[in-house]
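One file, input_10.csv, is given below (CSV, C-alpha atoms).
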chain,number,residue,atom,x,y,z
A,1,MET,CA,124.6,80.7,92.1
A,2,THR,CA,123.0,80.4,88.7
A,3,THR,CA,119.4,81.4,88.3
A,4,LEU,CA,118.3,77.9,87.3
A,5,LYS,CA,120.1,76.3,90.2
A,6,SER,CA,118.7,78.9,92.7
A,7,LYS,CA,115.2,78.2,91.2
A,8,LEU,CA,115.6,74.5,91.9
A,9,GLN,CA,116.7,75.3,95.4
A,10,ASP,CA,113.7,77.6,96.0
A,11,ASP,CA,111.4,75.0,94.6
A,12,LEU,CA,112.9,72.3,96.8
A,13,ASN,CA,112.3,74.5,99.9
A,14,ALA,CA,108.7,75.0,98.9
A,15,ALA,CA,108.2,71.3,98.2
A,16,ILE,CA,109.6,70.5,101.7
A,17,LYS,CA,107.3,73.0,103.3
A,18,GLU,CA,104.3,71.5,101.4
A,19,ARG,CA,105.4,68.0,102.3
A,20,ASP,CA,105.5,67.0,98.6
A,21,GLU,CA,107.7,63.9,99.0
A,22,LEU,CA,108.0,63.1,95.3
A,23,ARG,CA,108.9,66.6,94.2
A,24,SER,CA,111.3,67.2,97.1
A,25,SER,CA,113.2,63.9,96.6
A,26,THR,CA,113.4,64.5,92.9
A,27,LEU,CA,114.8,68.0,93.3
A,28,ARG,CA,117.2,66.8,96.1
A,29,LEU,CA,118.7,64.2,93.7
A,30,THR,CA,118.9,66.7,90.9
A,31,LEU,CA,120.7,69.2,93.1
A,32,ALA,CA,123.1,66.5,94.3
A,33,ALA,CA,123.9,65.6,90.7
A,34,ILE,CA,124.5,69.3,90.0
A,35,THR,CA,126.8,69.6,93.0
A,36,LYS,CA,128.6,66.4,91.9
A,37,GLU,CA,129.2,67.9,88.5
A,38,GLU,CA,130.5,71.1,90.1
A,39,VAL,CA,133.1,69.3,92.1
A,40,ALA,CA,134.1,66.9,89.4
A,41,GLY,CA,137.5,67.4,87.9
A,42,LYS,CA,140.5,69.1,89.3
A,43,GLU,CA,138.9,72.2,90.8
A,44,LYS,CA,135.4,73.2,91.9
A,45,ARG,CA,133.5,75.4,89.6
A,46,GLU,CA,130.2,77.1,89.3
A,47,LEU,CA,128.0,75.7,86.6
A,48,SER,CA,126.3,78.0,84.1
A,49,ASP,CA,122.6,77.7,83.4
A,50,GLU,CA,123.4,75.8,80.2
A,51,ASP,CA,125.5,73.3,82.2
A,52,VAL,CA,122.7,72.9,84.8
A,53,LEU,CA,120.3,72.3,82.0
A,54,LYS,CA,122.5,69.5,80.7
A,55,VAL,CA,122.5,67.9,84.1
A,56,ILE,CA,118.7,68.1,84.4
A,57,THR,CA,118.4,66.6,80.9
A,58,ARG,CA,120.6,63.8,81.8
A,59,GLU,CA,118.7,63.1,85.0
A,60,ALA,CA,115.4,63.2,83.1
A,61,LYS,CA,116.8,60.7,80.6
A,62,LYS,CA,117.8,58.4,83.5
A,63,ARG,CA,114.2,58.5,84.8
A,64,ARG,CA,112.8,57.7,81.4
A,65,GLU,CA,115.1,54.8,80.9
A,66,ALA,CA,114.4,53.5,84.4
A,67,ALA,CA,110.7,53.7,83.9
A,68,GLU,CA,111.0,51.7,80.7
A,69,ALA,CA,113.1,49.1,82.4
A,70,PHE,CA,110.7,48.8,85.4
A,71,ALA,CA,107.7,48.5,83.1
A,72,GLN,CA,109.4,45.7,81.1
A,73,GLY,CA,110.2,44.0,84.4
A,74,GLY,CA,106.6,44.1,85.5
A,75,ARG,CA,107.2,46.6,88.3
A,76,THR,CA,104.5,49.1,87.4
A,77,GLU,CA,104.6,50.9,90.7
A,78,GLN,CA,108.3,51.8,90.3
A,79,ALA,CA,107.8,52.7,86.6
A,80,GLU,CA,105.0,55.1,87.6
A,81,ARG,CA,107.3,56.7,90.2
A,82,GLU,CA,110.1,57.2,87.7
A,83,LYS,CA,107.7,58.7,85.2
A,84,ALA,CA,106.4,61.1,87.8
A,85,GLU,CA,110.0,62.1,88.7
A,86,GLY,CA,110.7,62.6,85.0
A,87,GLU,CA,107.6,64.9,84.7
A,88,VAL,CA,108.9,67.0,87.7
A,89,LEU,CA,112.2,67.5,85.9
A,90,ALA,CA,110.5,68.2,82.5
A,91,GLN,CA,109.1,71.4,84.1
A,92,TYR,CA,112.7,72.8,84.2
A,93,LEU,CA,113.6,71.8,80.6
A,94,PRO,CA,112.8,73.8,77.5
A,95,LYS,CA,109.8,72.7,75.5
A,96,GLN,CA,110.7,69.7,73.3
A,97,LEU,CA,110.5,70.0,69.6
A,98,SER,CA,107.7,68.3,67.7
A,99,ASP,CA,108.5,65.7,65.0
A,100,ASP,CA,107.6,68.2,62.3
A,101,GLU,CA,109.9,70.9,63.8
A,102,LEU,CA,112.7,68.5,64.2
A,103,ASN,CA,112.4,67.2,60.6
A,104,ALA,CA,112.4,70.8,59.3
A,105,ILE,CA,115.6,71.6,61.1
A,106,VAL,CA,117.2,68.3,59.9
A,107,ALA,CA,116.1,68.9,56.3
A,108,GLN,CA,117.7,72.3,56.4
A,109,ALA,CA,120.9,70.9,57.9
A,110,VAL,CA,121.0,68.1,55.2
A,111,GLU,CA,120.8,70.8,52.5
A,112,GLU,CA,123.6,72.8,54.2
A,113,ALA,CA,125.8,69.6,54.3
A,114,LYS,CA,125.1,68.8,50.7
A,115,ALA,CA,126.1,72.3,49.7
A,116,ALA,CA,129.3,71.7,51.6
A,117,GLY,CA,129.9,68.5,49.6
A,118,ALA,CA,128.7,65.9,52.1
A,119,GLU,CA,126.5,63.2,50.4
A,120,GLY,CA,124.7,60.0,51.5
A,121,PRO,CA,124.9,58.1,54.7
A,122,ARG,CA,128.5,59.2,55.3
A,123,ALA,CA,127.3,62.8,55.7
A,124,MET,CA,125.8,61.8,59.1
A,125,GLY,CA,128.6,63.5,61.1
A,126,ALA,CA,128.5,66.7,59.1
A,127,VAL,CA,124.7,67.0,59.4
A,128,MET,CA,124.8,66.2,63.2
A,129,LYS,CA,127.4,69.0,63.7
A,130,ILE,CA,124.9,71.4,62.1
A,131,VAL,CA,121.8,70.1,63.8
A,132,ASN,CA,123.0,69.7,67.4
A,133,PRO,CA,123.6,73.3,68.3
A,134,LYS,CA,120.1,74.2,66.8
A,135,VAL,CA,118.2,71.6,68.9
A,136,ALA,CA,120.4,71.6,72.0
A,137,GLY,CA,118.2,70.6,75.0
A,138,ARG,CA,115.0,70.6,72.9
A,139,ALA,CA,115.3,67.1,71.4
A,140,GLU,CA,117.0,63.9,72.6
A,141,GLY,CA,120.1,62.8,70.8
A,142,GLY,CA,118.6,59.5,69.7
A,143,ARG,CA,115.6,61.2,68.2
A,144,VAL,CA,117.8,63.6,66.3
A,145,ALA,CA,120.1,60.8,65.0
A,146,ALA,CA,117.1,58.8,63.8
A,147,ALA,CA,115.7,61.8,62.0
A,148,VAL,CA,119.0,62.5,60.3
A,149,LYS,CA,119.5,58.8,59.2
A,150,LYS,CA,116.0,58.8,57.8
A,151,MET,CA,116.5,62.0,55.9
A,152,LEU,CA,119.9,60.9,54.5
A,153,ALA,CA,118.4,57.6,53.4
A,154,GLY,CA,116.0,59.5,51.3
A,155,GLY,CA,113.0,59.0,53.7

Could you quickly redo this structure as structure tokens?
Amino acid sequence: MTTLKSKLQDDLNAAIKERDELRSSTLRLTLAAITKEEVAGKEKRELSDEDVLKVITREAKKRREAAEAFAQGGRTEQAEREKAEGEVLAQYLPKQLSDDELNAIVAQAVEEAKAAGAEGPRAMGAVMKIVNPKVAGRAEGGRVAAAVKKMLAGG
């Protein structure tokens, strides 16, 4: 078992013993998503810590989107629950990049892409290929894409 997955399992056991309903249900759902990912495809496989991190990131994004949807629908109690679950999952994710850090990485990638001959808005794909490995797990894709577009537009 990977170290991150075993940490999730240990934390789940602790949450159950402490009768922490929010934490235990969130971790249960996350571990279920990890198991589902492991058995998806033609044969069962053990996920690496990096793959487990991707699953946790995806689950956290689902919570964030659900919280927004509930808030817009006027269901504040459910929105708060989803936000709280997202905060539980955030503890297992790497620290998110600040806007300044993200912009610095994007600016450097834009320079690299220009050096390689990519110019203007059409350089988006080339810049994203350079940026994504550098920010993996530390910034949401939508945030990265918006920063790249802004930088390419001369903002």

Pick out the residues sitting within 9 Å of Met128 in chain A, and hand them over as an MDAnalysis selection string; count only C-alpha atoms, and ignore anything fewer than 4 positions along from it in its own chain. chainID A and resid 106 109 123:124 132:133 144:145 148

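If you measure from each of A:Arg143, A:Leu152, A:Ser24, A:Glu80 to Gln108 in chain A using all atoms listed in the file, the closest one turns out to be A:Leu152.
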
As a check of understanding: the span from CA of Val88 in chain A to CA of Asp51 in chain A is 18.6 Å

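When all atoms listed in the file are used to compute distances to Glu21 in chain A, the closest of the residues A:Glu85, A:Ala71, A:Val110, A:Asp100 turns out to be A:Glu85.
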
Closest of A:Leu97, A:Ala147, A:Ala66, A:Val39 to Ala84 in chain A - atom-to-atom distances counting only C-alpha atoms: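 Under the stated criterion, the closest residue is A:Ala66.
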
Mind pulling up the distance from CA of Thr30 in chain A to CA of Tyr92 in chain A?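 These atoms are spaced 11.0 Å apart.
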
With only C-alpha atoms as the counted atoms, please give the residues lying no more than 9 Å from Arg138 in chain A, apart from itself and same-chain residues fewer than 5 positions off, as a PyMOL selection string. chain A and resi 93-97
